[in-house]
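Since the structure comes first, as structure tokens, the remarks are kept for the end.
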Amino acid sequence: HKIDVAWYSEVNKYLLRRIPAAGGHIFTGRGCPFDCGFCAANAVWSANSSDTTRAPKARWRPLDHVMAELHAFEKVHKFDFFYILDDVFGLTEDEIREFCAAYKKSGLKMLWGAETRVNCVRNIEILKVMRDAGCVQLDFGVETGSPKLLKIVNKGITVDQTVRAFALCKKAAAKNPALRIVATSATLDVDKFCDYFQCTRRLEIPGRTFPVERVFLKKPCDDYFEEALLTVMTIH
């Protein structure tokens with residue numbers, strides 16, 4: 001009761017990509033079994049684990065607790081959208097199906113979105129289940145289209161999995177005009193991407209958004225990725 005919920009529930013255009021909506025974030029679980037080199041999730045959750053040599057397993061909240069919280073979102077705070085802020089949503093298809101079934105059974109009408117991985121989306125049927133349960137936004141952390149960089153950062157996905165996931169989303173969105181795929185990148189081959197997915201809208205932002213200072217090493221090193229991280233940590 002000490003939190004000013006009215007301030008947090010004001011309509012904004014950042015929760016649901018560029019569409020004005022009043023909503024909030026919710027966690028249905030925590031933890032991620034993957035070990036991306038740039039992500040803090042494993043470091044955070046491993047701090048509470050007796051075995052710090054392994055990535056912590058994902059844990060899910062009881063669905064009745066999640067639905068009760070979503071009920072308060074819609075009925076008490078009058079939200080019309082919520083975003084699932086798990087480390088990774090939809091690790092298994094059973095998890096997705098159970099959540100979507102419980103949400104549809106609840107009778108709530110809020111639209112929603114979530115963040116997942118391209119290797120968690122393997123068939124169009126699971127996307128249809130999410131779409132029919134009110135999902136209108138699905139975000140993927142692709143990071144890069146370079147197989148070499150994906151391996152360096154230990155992302156655990158392939159370019160083919162990215163292409164497949166995007167193609168499945170496009171197919172699932174064909175019957176739902178409210179669903180959109182937004183791809184942003186500084187390294188993407190835009191022409192090839194647009195040709196493959198038949199993009200209808202394309203926005204190019206020339207130059208740098210912010211000034212960038214370039215720093216060069218005085219001599220070669222064994223691991224440029226590690227050296228870059230050490231440099232960033234030194235600067236900040």
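Following the order of the structure tokens, chains are lettered A, B, ..., residues in each are numbered from 1, and ligands are numbered from 1.
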Contacts of Arg61 (chain A) at 12 Å (only C-alpha atoms; same-chain gap of 2+ positions) as a PyMOL selection string: chain A and resi 26-31+58-59+63-69+86+95+99
Non-local contacts of Lys104 (chain A) (12 Å; only C-alpha atoms; under 2 positions in same chain excluded) as a list in words: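 Once the nearby chain positions are removed, what remains is Met67, Leu70, Arg97, Glu98, Phe99, Cys100, Ala101, Ala102, Ser106, Gly107, Leu108, Lys109, Met110, Leu111, Val129, Met130, Arg131, Asp132, Ala133, Gly134 and Cys135 of chain A.
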Residues near Val142 (chain A), cut-off 9 Å, only C-alpha atoms, skip fewer than 6 positions along chain, as a ChimeraX atom specification: /A:117-118,150,155,157,159,162
Which of region 32-142 of chain A fall in alpha helix (DSSP H), as a ChimeraX atom specification: /A:41-46,63-71,93-106,124-132
Given only C-alpha atoms as the counted atoms, nearest of A:His25, A:Pro33, A:Leu229, A:Lys78 to Glu115 (chain A): A:His25
Fewer than 6 positions away in the same chain doesn't count, so skip those; otherwise give me all residues within 12 Å of Phe140 (chain A), counting only C-alpha atoms, as a compact mmCIF listing (two decimals) with C-alpha atoms, in the first residue's frame.
# COMPACT_ATOMS: atom_id res chain seq x y z
CA ASP A 87 14.69 -14.74 -17.57
CA VAL A 88 13.32 -16.83 -20.42
CA PHE A 89 9.65 -17.64 -20.96
CA GLY A 90 8.59 -20.89 -22.61
CA GLY A 113 3.87 -10.21 -24.32
CA ALA A 114 6.98 -12.10 -23.27
CA GLU A 115 10.66 -12.60 -24.00
CA THR A 116 11.99 -15.97 -25.10
CA ARG A 117 14.72 -17.60 -27.18
CA VAL A 118 14.60 -18.66 -30.82
CA ASN A 119 15.48 -22.25 -29.89
CA CYS A 120 12.40 -22.40 -27.65
CA VAL A 121 10.06 -21.79 -30.60
CA ILE A 157 21.57 -20.84 -30.72
CA GLN A 161 17.08 -21.40 -35.51
CA THR A 162 16.68 -17.61 -35.69
CA VAL A 163 15.43 -17.77 -39.28
CA ALA A 165 11.60 -18.78 -35.34
CA PHE A 166 11.07 -15.54 -37.27
CA CYS A 169 6.13 -15.94 -36.07
CA ILE A 181 7.75 -8.61 -35.62
CA VAL A 182 10.27 -5.83 -34.99
CA ALA A 183 13.93 -6.55 -35.78
CA THR A 184 16.69 -4.10 -34.86
